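Here is the file upload-v9.txt (compact mmCIF, C-alpha atoms and all ligand atoms).
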# COMPACT_ATOMS: atom_id res chain seq x y z
CA MET A 248 0.00 0.00 0.00
CA ALA A 249 1.32 3.44 -0.91
CA THR A 250 0.41 6.77 0.68
CA TYR A 251 0.89 10.02 -1.24
CA ASN A 252 1.08 13.51 0.27
CA ILE A 253 -0.81 15.86 -1.99
CA SER A 254 -1.18 19.61 -1.50
CA LEU A 255 -4.45 21.02 -2.80
CA LEU A 256 -4.32 24.74 -3.55
CA VAL A 257 -7.85 26.13 -3.21
CA GLY A 258 -7.50 29.35 -5.25
CA ASP A 259 -10.10 31.91 -6.33
CA GLY A 260 -13.24 32.27 -8.44
CA ILE A 261 -14.35 28.73 -9.36
CA GLY A 262 -11.22 27.40 -7.57
CA PRO A 263 -12.98 26.45 -4.30
CA GLU A 264 -15.72 24.56 -6.20
CA LEU A 265 -13.16 22.63 -8.25
CA SER A 266 -11.07 21.91 -5.13
CA THR A 267 -14.11 20.42 -3.44
CA CYS A 268 -14.59 18.11 -6.43
CA ALA A 269 -10.92 17.06 -6.37
CA GLU A 270 -10.99 16.44 -2.63
CA GLU A 271 -14.14 14.30 -2.95
CA ILE A 272 -12.49 12.20 -5.67
CA LEU A 273 -9.20 11.65 -3.84
CA GLN A 274 -11.04 10.96 -0.58
CA TYR A 275 -13.27 8.44 -2.36
CA ILE A 276 -10.24 6.52 -3.67
CA HIS A 277 -8.55 6.78 -0.26
CA ASP A 278 -11.64 5.34 1.48
CA ASN A 279 -12.26 2.54 -1.01
CA SER A 280 -8.85 1.43 -2.24
CA ASN A 281 -6.71 -1.14 -0.46
CA ARG A 282 -3.62 0.07 -2.30
CA LEU A 283 -3.79 3.84 -2.70
CA LYS A 284 -3.98 6.31 0.16
CA PHE A 285 -3.77 10.11 0.06
CA ASN A 286 -2.88 12.67 2.72
CA ILE A 287 -4.55 15.78 1.33
CA THR A 288 -3.32 19.12 2.69
CA LYS A 289 -5.42 22.11 1.70
CA VAL A 290 -3.48 25.28 0.92
CA GLU A 291 -4.88 28.82 0.84
CA ALA A 292 -3.19 30.91 -1.86
CA GLY A 293 -4.25 33.59 -4.33
CA ASP A 294 -6.48 36.67 -4.07
CA ASN A 295 -8.48 35.33 -1.11
CA ALA A 296 -5.29 34.50 0.79
CA LYS A 297 -3.84 37.94 -0.04
CA GLN A 298 -6.92 39.61 1.42
CA LYS A 299 -6.85 37.42 4.53
CA TYR A 300 -3.09 37.19 5.22
CA GLY A 301 -1.61 40.08 3.19
CA LYS A 302 0.30 37.72 0.88
CA ALA A 303 -0.89 35.71 -2.14
CA LEU A 304 1.45 32.85 -1.20
CA PRO A 305 1.77 32.95 2.60
CA ASN A 306 4.81 31.17 4.11
CA GLU A 307 2.58 28.52 5.68
CA ALA A 308 1.06 27.73 2.27
CA PHE A 309 4.49 27.57 0.66
CA ASP A 310 5.73 25.20 3.41
CA LYS A 311 2.74 22.91 2.97
CA ILE A 312 3.42 22.67 -0.78
CA LYS A 313 7.13 22.03 -0.16
CA ASN A 314 6.22 19.17 2.19
CA SER A 315 4.00 17.47 -0.40
CA GLN A 316 4.98 15.15 -3.26
CA ALA A 317 2.82 16.96 -5.81
CA CYS A 318 0.48 19.92 -5.90
CA LEU A 319 -3.01 20.09 -7.36
CA LYS A 320 -3.58 23.75 -8.09
CA SER A 321 -6.97 25.39 -8.60
CA PRO A 322 -7.07 28.56 -10.67
CA VAL A 323 -5.90 31.75 -8.98
CA GLY A 324 -7.25 35.24 -9.82
CA GLU A 325 -5.40 38.55 -10.16
CA SER A 326 -2.49 37.38 -8.02
CA ALA A 327 -1.75 34.38 -10.30
CA ALA A 328 1.76 35.61 -11.10
CA ASP A 329 2.60 35.90 -7.38
CA VAL A 330 1.64 32.27 -6.89
CA VAL A 331 2.23 30.36 -10.13
CA LEU A 332 5.45 32.03 -11.25
CA VAL A 333 6.94 31.75 -7.76
CA LEU A 334 6.15 28.03 -7.56
CA ARG A 335 7.37 27.37 -11.11
CA ARG A 336 10.65 29.07 -10.32
CA TYR A 337 11.18 27.58 -6.86
CA PHE A 338 10.59 23.99 -8.02
CA ASP A 339 12.16 24.62 -11.44
CA LEU A 340 9.03 23.30 -13.16
CA TYR A 341 10.52 23.53 -16.61
CA ALA A 342 7.97 21.62 -18.69
CA ASN A 343 4.41 22.77 -19.18
CA VAL A 344 2.44 19.93 -20.71
CA ARG A 345 -1.02 20.55 -22.12
CA PRO A 346 -2.90 17.72 -23.82
CA SER A 347 -5.96 18.47 -25.99
CA LYS A 348 -8.24 15.89 -27.53
CA ASN A 349 -11.71 15.47 -28.95
CA TYR A 350 -14.33 13.64 -26.91
CA ALA A 351 -17.66 12.20 -28.06
CA ASN A 352 -20.61 14.61 -28.06
CA ILE A 353 -18.54 17.70 -27.31
CA PRO A 354 -19.32 20.39 -29.89
CA SER A 355 -16.09 21.45 -31.60
CA ILE A 356 -14.65 22.45 -34.95
CA SER A 357 -12.51 19.30 -35.11
CA SER A 358 -12.70 15.53 -34.76
CA ASN A 359 -10.22 12.78 -33.80
CA VAL A 360 -7.63 15.26 -32.56
CA ASP A 361 -5.30 13.92 -29.88
CA MET A 362 -2.30 16.17 -29.34
CA VAL A 363 -0.11 17.65 -26.64
CA THR A 364 1.71 20.95 -26.35
CA VAL A 365 5.05 20.85 -24.53
CA ARG A 366 5.98 24.38 -23.58
CA GLU A 367 9.26 25.57 -22.09
CA ASN A 368 8.24 27.03 -18.75
CA THR A 369 11.21 28.91 -17.28
CA GLU A 370 12.55 31.37 -19.87
CA ASP A 371 11.48 33.59 -22.77
CA LEU A 372 9.67 36.88 -22.13
CA TYR A 373 8.11 35.43 -18.96
CA LEU A 374 11.14 36.41 -16.90
CA GLY A 375 9.59 39.87 -16.92
CA TRP A 376 12.85 41.64 -17.75
CA GLU A 377 11.39 44.99 -18.85
CA PHE A 378 12.63 48.52 -18.38
CA PHE A 379 12.11 52.02 -19.71
CA SER A 380 15.13 52.95 -21.83
CA ASP A 381 13.80 56.51 -21.90
CA ASP A 382 10.47 58.23 -21.18
CA ASP A 383 9.05 56.97 -24.45
CA THR A 384 10.26 53.39 -24.73
CA VAL A 385 10.07 50.07 -22.90
CA ILE A 386 12.54 47.29 -23.68
CA SER A 387 11.54 43.66 -22.99
CA LEU A 388 14.27 41.03 -22.94
CA ARG A 389 13.84 37.44 -24.10
CA LYS A 390 16.06 34.70 -22.68
CA ILE A 391 16.57 31.38 -24.47
CA SER A 392 19.40 29.13 -23.26
CA LYS A 393 20.97 25.95 -24.61
CA VAL A 394 20.42 24.09 -21.33
CA ALA A 395 16.72 24.91 -21.06
CA SER A 396 16.12 24.29 -24.78
CA ARG A 397 17.82 20.89 -24.64
CA ARG A 398 15.92 19.69 -21.57
CA ILE A 399 12.50 20.75 -22.89
CA ALA A 400 13.27 19.11 -26.24
CA GLU A 401 14.32 15.94 -24.42
CA TYR A 402 11.05 16.01 -22.48
CA ALA A 403 8.97 16.55 -25.64
CA PHE A 404 10.66 13.70 -27.52
CA LYS A 405 10.17 11.37 -24.55
CA ILE A 406 6.47 12.21 -24.53
CA ALA A 407 6.22 11.80 -28.33
CA ASN A 408 7.93 8.42 -28.03
CA SER A 409 5.23 7.23 -25.62
CA ARG A 410 2.42 8.36 -27.94
CA LYS A 411 0.88 6.76 -31.01
CA GLY A 412 1.52 9.76 -33.30
CA LYS A 413 5.34 9.63 -32.96
CA LYS A 414 5.77 13.12 -34.32
CA VAL A 415 7.22 16.38 -32.94
CA THR A 416 6.45 19.76 -34.48
CA ILE A 417 8.79 22.48 -33.26
CA VAL A 418 7.01 25.83 -33.33
CA HIS A 419 9.06 29.04 -33.48
CA LYS A 420 9.62 32.36 -35.25
CA SER A 421 13.24 32.02 -36.27
CA ASN A 422 12.85 34.29 -39.32
CA VAL A 423 12.44 37.21 -36.86
CA LEU A 424 14.03 35.88 -33.67
CA ARG A 425 17.13 34.87 -35.57
CA LEU A 426 19.44 34.14 -32.67
CA SER A 427 17.17 32.94 -29.89
CA ASP A 428 14.84 30.73 -31.89
CA ARG A 429 17.71 29.45 -34.06
CA LEU A 430 19.33 28.28 -30.82
CA PHE A 431 16.05 26.68 -29.71
CA ILE A 432 15.78 24.82 -33.04
CA ASP A 433 19.42 23.73 -33.09
CA MET A 434 19.17 22.22 -29.61
CA SER A 435 15.95 20.42 -30.58
CA LYS A 436 17.61 19.01 -33.69
CA GLU A 437 20.42 17.65 -31.52
CA ILE A 438 17.89 15.79 -29.39
CA ALA A 439 15.90 14.69 -32.47
CA LYS A 440 18.94 12.71 -33.65
CA LYS A 441 18.51 10.42 -30.61
CA TYR A 442 14.97 9.60 -31.73
CA PRO A 443 15.17 8.49 -35.38
CA ASN A 444 11.75 6.81 -35.03
CA ILE A 445 10.07 10.16 -34.36
CA GLU A 446 9.05 12.34 -37.30
CA PHE A 447 10.30 15.89 -36.78
CA GLU A 448 9.03 19.03 -38.50
CA GLU A 449 9.45 22.79 -38.05
CA MET A 450 6.69 25.37 -38.28
CA TYR A 451 6.44 29.14 -37.81
CA VAL A 452 4.11 30.07 -34.98
CA ASP A 453 1.80 32.09 -37.27
CA ALA A 454 1.49 29.14 -39.65
CA CYS A 455 0.88 26.82 -36.68
CA SER A 456 -2.00 28.95 -35.37
CA MET A 457 -3.65 28.67 -38.82
CA GLU A 458 -2.94 24.96 -39.20
CA LEU A 459 -4.48 24.28 -35.78
CA ILE A 460 -7.79 25.48 -37.20
CA ARG A 461 -7.38 24.22 -40.79
CA ASP A 462 -5.96 20.76 -40.12
CA PRO A 463 -5.46 20.07 -36.36
CA ASN A 464 -5.11 16.31 -36.96
CA ARG A 465 -1.65 16.84 -38.42
CA PHE A 466 -0.30 17.57 -34.92
CA ASP A 467 0.81 15.09 -32.31
CA THR A 468 3.40 16.74 -30.02
CA ILE A 469 4.10 20.45 -30.34
CA LEU A 470 7.40 21.60 -28.85
CA THR A 471 7.67 25.34 -28.31
CA SER A 472 8.91 28.20 -26.15
CA ASN A 473 7.03 29.84 -23.28
CA LEU A 474 4.96 32.64 -24.87
CA PHE A 475 4.09 30.76 -28.07
CA GLY A 476 3.13 27.71 -26.00
CA ASP A 477 0.83 29.75 -23.78
CA ILE A 478 -1.12 30.99 -26.80
CA ILE A 479 -1.03 27.83 -28.94
CA SER A 480 -2.23 25.57 -26.10
CA ASP A 481 -5.28 27.77 -25.37
CA GLU A 482 -6.09 27.67 -29.08
CA ALA A 483 -5.70 23.87 -29.13
CA ALA A 484 -8.03 23.58 -26.11
CA GLN A 485 -10.70 25.60 -27.88
CA VAL A 486 -10.25 23.75 -31.18
CA THR A 487 -11.07 20.46 -29.44
CA GLY A 488 -14.07 21.78 -27.52
CA SER A 489 -13.90 23.86 -24.38
CA ILE A 490 -11.29 25.32 -22.10
CA GLY A 491 -13.28 23.63 -19.29
CA LEU A 492 -11.86 20.28 -20.47
CA ALA A 493 -8.18 21.22 -20.61
CA PRO A 494 -5.66 20.17 -17.94
CA ALA A 495 -1.99 21.12 -17.63
CA ALA A 496 1.06 19.76 -15.85
CA ASN A 497 4.06 21.81 -14.71
CA VAL A 498 6.85 19.30 -14.33
CA GLY A 499 10.30 19.56 -12.76
CA LYS A 500 12.94 17.00 -11.85
CA ASP A 501 11.57 16.22 -8.39
CA PHE A 502 8.22 17.99 -8.13
CA ALA A 503 5.19 18.71 -10.28
CA MET A 504 2.07 20.83 -10.14
CA PHE A 505 -1.17 20.01 -11.93
CA GLU A 506 -3.88 22.50 -12.81
CA PRO A 507 -6.66 23.43 -15.24
CA VAL A 508 -5.51 25.51 -18.22
CA HIS A 509 -8.28 28.05 -17.61
CA GLY A 510 -8.36 30.90 -15.14
CA ALA A 511 -10.52 31.63 -12.09
CA ALA A 512 -13.63 32.34 -14.27
CA PHE A 513 -15.10 34.93 -11.89
CA ASP A 514 -18.12 35.32 -14.20
CA ILE A 515 -19.43 31.88 -13.15
CA ALA A 516 -17.90 31.58 -9.66
CA GLY A 517 -20.16 30.34 -6.86
CA LYS A 518 -22.95 29.32 -9.28
CA ASN A 519 -22.26 25.57 -9.28
CA VAL A 520 -21.95 25.57 -13.09
CA ALA A 521 -18.17 25.23 -13.60
CA ASN A 522 -17.04 22.17 -15.52
CA PRO A 523 -14.72 20.14 -13.25
CA THR A 524 -13.37 17.98 -16.13
CA SER A 525 -10.21 20.08 -16.46
CA PHE A 526 -9.41 19.42 -12.81
CA ILE A 527 -10.35 15.72 -12.97
CA LEU A 528 -7.97 15.34 -15.93
CA ALA A 529 -5.32 17.28 -13.97
CA ILE A 530 -5.62 14.60 -11.25
CA LYS A 531 -5.22 11.97 -13.99
CA MET A 532 -1.99 13.68 -15.14
CA MET A 533 -0.78 13.71 -11.53
CA PHE A 534 -1.41 9.94 -11.29
CA ASP A 535 0.58 9.42 -14.52
CA TRP A 536 3.52 11.47 -13.22
CA LEU A 537 3.55 10.00 -9.69
CA GLY A 538 2.99 6.52 -11.12
CA GLU A 539 6.07 6.90 -13.29
CA LYS A 540 8.19 8.55 -10.60
CA CYS A 541 7.29 6.07 -7.85
CA ASP A 542 6.94 3.10 -10.20
CA ASP A 543 3.39 2.56 -8.96
CA ASN A 544 1.25 0.57 -11.35
CA ASP A 545 -1.89 1.16 -9.25
CA LEU A 546 -1.69 4.89 -9.95
CA LYS A 547 -1.18 4.23 -13.67
CA LEU A 548 -4.24 1.95 -13.70
CA GLN A 549 -6.27 4.58 -11.85
CA SER A 550 -5.26 7.14 -14.47
CA ILE A 551 -6.61 4.90 -17.24
CA LYS A 552 -9.87 4.50 -15.31
CA PHE A 553 -10.18 8.29 -15.05
CA GLU A 554 -9.72 8.71 -18.81
CA ASN A 555 -12.20 5.89 -19.55
CA SER A 556 -14.75 7.31 -17.10
CA ILE A 557 -14.63 10.76 -18.72
CA ASP A 558 -14.94 9.11 -22.17
CA GLU A 559 -17.95 7.15 -20.96
CA MET A 560 -19.63 10.20 -19.44
CA PHE A 561 -19.44 12.20 -22.63
CA THR A 562 -20.50 9.21 -24.74
CA LYS A 563 -23.59 8.98 -22.51
CA ASN A 564 -24.10 12.75 -22.78
CA ILE A 565 -23.46 13.29 -19.07
CA LYS A 566 -22.25 16.88 -19.31
CA THR A 567 -22.17 20.30 -17.68
CA LYS A 568 -23.87 23.32 -19.27
CA ASP A 569 -20.77 24.84 -20.91
CA ILE A 570 -20.54 21.80 -23.20
CA GLY A 571 -24.25 21.45 -23.92
CA GLY A 572 -25.35 19.41 -20.90
CA THR A 573 -27.60 20.11 -17.93
CA LEU A 574 -25.59 19.01 -14.89
CA SER A 575 -24.26 21.27 -12.16
CA THR A 576 -20.62 21.03 -11.01
CA ALA A 577 -21.58 18.90 -8.00
CA GLU A 578 -23.89 16.60 -10.00
CA PHE A 579 -21.21 16.04 -12.66
CA ASN A 580 -18.67 15.13 -9.98
CA GLN A 581 -21.07 12.69 -8.35
CA SER A 582 -21.74 11.07 -11.76
CA PHE A 583 -17.99 10.76 -12.31
CA LEU A 584 -17.57 9.06 -8.93
CA LYS A 585 -20.42 6.67 -9.72
CA ILE A 586 -18.87 5.66 -13.05
CA LEU A 587 -15.44 5.31 -11.41
CA LYS A 588 -17.04 3.10 -8.74
CA ASP A 589 -18.60 0.91 -11.46
CA LYS A 590 -15.11 0.35 -12.86
CA GLY A 591 -14.00 -0.94 -9.46
CA ILE A 592 -11.43 0.42 -7.03
CA ASP A 593 -8.73 -2.09 -6.00
P1 LIG B 601 -7.00 34.03 -17.18
O1 LIG B 601 -6.54 35.36 -17.67
O2 LIG B 601 -6.56 33.72 -15.78
O3 LIG B 601 -6.72 32.87 -18.13
P2 LIG B 601 -9.68 34.67 -18.04
O4 LIG B 601 -10.69 35.44 -17.26
O5 LIG B 601 -9.07 35.25 -19.25
O6 LIG B 601 -8.58 34.10 -17.04
P3 LIG B 601 -10.91 32.16 -17.79
O7 LIG B 601 -11.07 32.37 -16.34
O8 LIG B 601 -10.08 31.02 -18.21
O9 LIG B 601 -10.33 33.38 -18.55
O10 LIG B 601 -12.35 32.06 -18.44
C1 LIG B 601 -12.60 32.26 -19.82
C2 LIG B 601 -14.04 31.87 -20.11
O11 LIG B 601 -14.18 30.46 -20.03
C3 LIG B 601 -15.05 32.48 -19.15
O12 LIG B 601 -16.22 32.87 -19.83
C4 LIG B 601 -15.35 31.35 -18.19
O13 LIG B 601 -16.63 31.39 -17.65
C5 LIG B 601 -15.16 30.11 -19.06
N1 LIG B 601 -14.63 28.99 -18.26
C6 LIG B 601 -13.38 28.88 -17.77
N2 LIG B 601 -13.25 27.75 -17.07
C7 LIG B 601 -14.44 27.11 -17.12
C8 LIG B 601 -14.95 25.88 -16.56
N3 LIG B 601 -14.18 25.06 -15.82
N4 LIG B 601 -16.23 25.57 -16.81
C9 LIG B 601 -17.00 26.35 -17.56
N5 LIG B 601 -16.60 27.53 -18.10
C10 LIG B 601 -15.34 27.91 -17.88
Would you mind giving the structure from this file in structure tokens?
Amino acid sequence: MATYNISLLVGDGIGPELSTCAEEILQYIHDNSNRLKFNITKVEAGDNAKQKYGKALPNEAFDKIKNSQACLKSPVGESAADVVLVLRRYFDLYANVRPSKNYANIPSISSNVDMVTVRENTEDLYLGWEFFSDDDTVISLRKISKVASRRIAEYAFKIANSRKGKKVTIVHKSNVLRLSDRLFIDMSKEIAKKYPNIEFEEMYVDACSMELIRDPNRFDTILTSNLFGDIISDEAAQVTGSIGLAPAANVGKDFAMFEPVHGAAFDIAGKNVANPTSFILAIKMMFDWLGEKCDDNDLKLQSIKFENSIDEMFTKNIKTKDIGGTLSTAEFNQSFLKILKDKGID
């Protein structure tokens, strides 16, 4: 029997509703499994925490996350940068992984898409190196290094190697960013040589954003830098249906954080209408990562059951309102638990 220490960051907007769903699911597995146990530590961070404690990421919250093996993070509001960027930097969460796929009965402009965006998470314009060079002008600096480019390329090729598509598309703008993106491409090509079984293509980011709408099935694994990845992965989520379905992983060497791609969605907060699928699939990604790291087959099996349960729900038209259904957040979560139960918990 294995016990995992999971921190659950509650967040803002629809964050508390999604956290409740996640806690119910983990608690359900904990109570019913003979092999998997979870110590869930709730963490207050974000706008609500800032109002209450004067800091978006209070020291106590930070310590609780540090003492866990992985963090499930709900969306955070205006103070997102003070929470997410700090955690990404502290744990050196260098890979941002965002899968997008079509599900049955989800209205979308595409079909049979199953792709993943692997985005470099530590460099690029996101370092926030900006300054006024004079009263009129702001300069923003972009950092791309060999080390970070190599390790994200390695990560992307590993992922591509585990997928059916066996293809990596490197997305860049090297005709304008002639030094930085050339470096990014060169490092990726070095890694590509180690994977002769993986098809490798290059694409400009503007062409990629068109192709994602025109012919999304051509993509399997997109490898790209921080800013381009942020934009492309939101587009990919929308192309396959709804942002309410899209999970993301922020992965480092020893720690990882899992979250929905979307934000705190204040417009629907507290109304019991948010779609918890993004968070359920974030838990699935956490099981995949922990399963691999701790060589735990039970977690890997649970991850497959999660994916199959979501597939089954949409096939049976069990859906929340944002994707054309009628269920509330809480009802959808209960239906998920029922289907998971039918699949059996060992
Ligand atoms: P951010 O800048 O943090 O990404 P945002 O306000 O631009 O946040 P989101 O919070 O992601 O964007 O919300 C965008 C839209 O998608 C909103 O209309 C919101 O209601 C909807 N939305 C986001 N998440 C969900 C969800 N889980 N279920 C249903 N609708 C959602």
Could the centre and edge lengths of an axis-aligned box, enclosing all atoms of stretch 307-320 of chain A in the file with 3 Å extra on each side, be given in Å to one decimal as JSON?
{"center_x": 1.8, "center_y": 21.8, "center_z": -1.2, "size_x": 16.7, "size_y": 19.4, "size_z": 19.8}
For the interface of chain A with ligand LIG 601 (chain B) (cut-off 9 Å, counting all atoms listed in the file), please tabulate each contacting residue of chain A alongside its nearest pair of atoms and their separation in Å to one decimal, rows sorted by chain and increasing number, as a tab-separated table.
residue	atom	partner	partner_atom	distance
A:Gly260	CA	B:LIG601	O7	8.2
A:Ile261	CA	B:LIG601	N3	7.4
A:Leu265	CA	B:LIG601	N3	8.0
A:Pro322	CA	B:LIG601	O2	7.3
A:Val323	CA	B:LIG601	O2	7.1
A:Gly324	CA	B:LIG601	O2	6.2
A:Glu325	CA	B:LIG601	O2	7.5
A:Ala327	CA	B:LIG601	O2	7.3
A:Asp481	CA	B:LIG601	O3	9.0
A:Ser489	CA	B:LIG601	N5	7.8
A:Ile490	CA	B:LIG601	N2	5.9
A:Gly491	CA	B:LIG601	N3	3.9
A:Leu492	CA	B:LIG601	N3	7.1
A:Ala493	CA	B:LIG601	N3	8.6
A:Pro507	CA	B:LIG601	N3	7.7
A:Val508	CA	B:LIG601	O8	7.2
A:His509	CA	B:LIG601	O8	3.5
A:Gly510	CA	B:LIG601	O7	3.3
A:Ala511	CA	B:LIG601	O7	4.3
A:Ala512	CA	B:LIG601	O7	3.3
A:Phe513	CA	B:LIG601	O7	6.5
A:Asp514	CA	B:LIG601	O13	5.4
A:Ile515	CA	B:LIG601	O13	5.3
A:Ala516	CA	B:LIG601	O13	8.1
A:Val520	CA	B:LIG601	C9	6.7
A:Ala521	CA	B:LIG601	N4	3.8
A:Asn522	CA	B:LIG601	N4	3.7
A:Pro523	CA	B:LIG601	N3	5.6
A:Thr524	CA	B:LIG601	N3	7.1
A:Ser525	CA	B:LIG601	N3	6.4
A:Phe526	CA	B:LIG601	N3	8.0
A:Thr567	CA	B:LIG601	C9	8.0
A:Lys568	CA	B:LIG601	C9	7.7
A:Asp569	CA	B:LIG601	C9	5.3
A:Ile570	CA	B:LIG601	C9	8.1
A:Thr576	CA	B:LIG601	N4	8.6
d(atom CA of A:His277, atom CA of A:Ala529) in Å: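 According to the coordinates, atom CA of A:His277 and atom CA of A:Ala529 are separated by 17.6 Å.
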Pick from A:Thr573, A:Thr384, A:Asn564, A:Asn497 nearest to A:Asn343, counting all atoms listed in the file: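 With all atoms listed in the file as the atom set, the closest residue is A:Asn497.
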Which residues come within 12 Å of A:Cys268, counting all atoms listed in the file, excluding same-chain residues fewer than 3 positions away, as a PyMOL selection string? chain A and resi 255+257+261-265+271-275+319+321+519+521-530+575-584
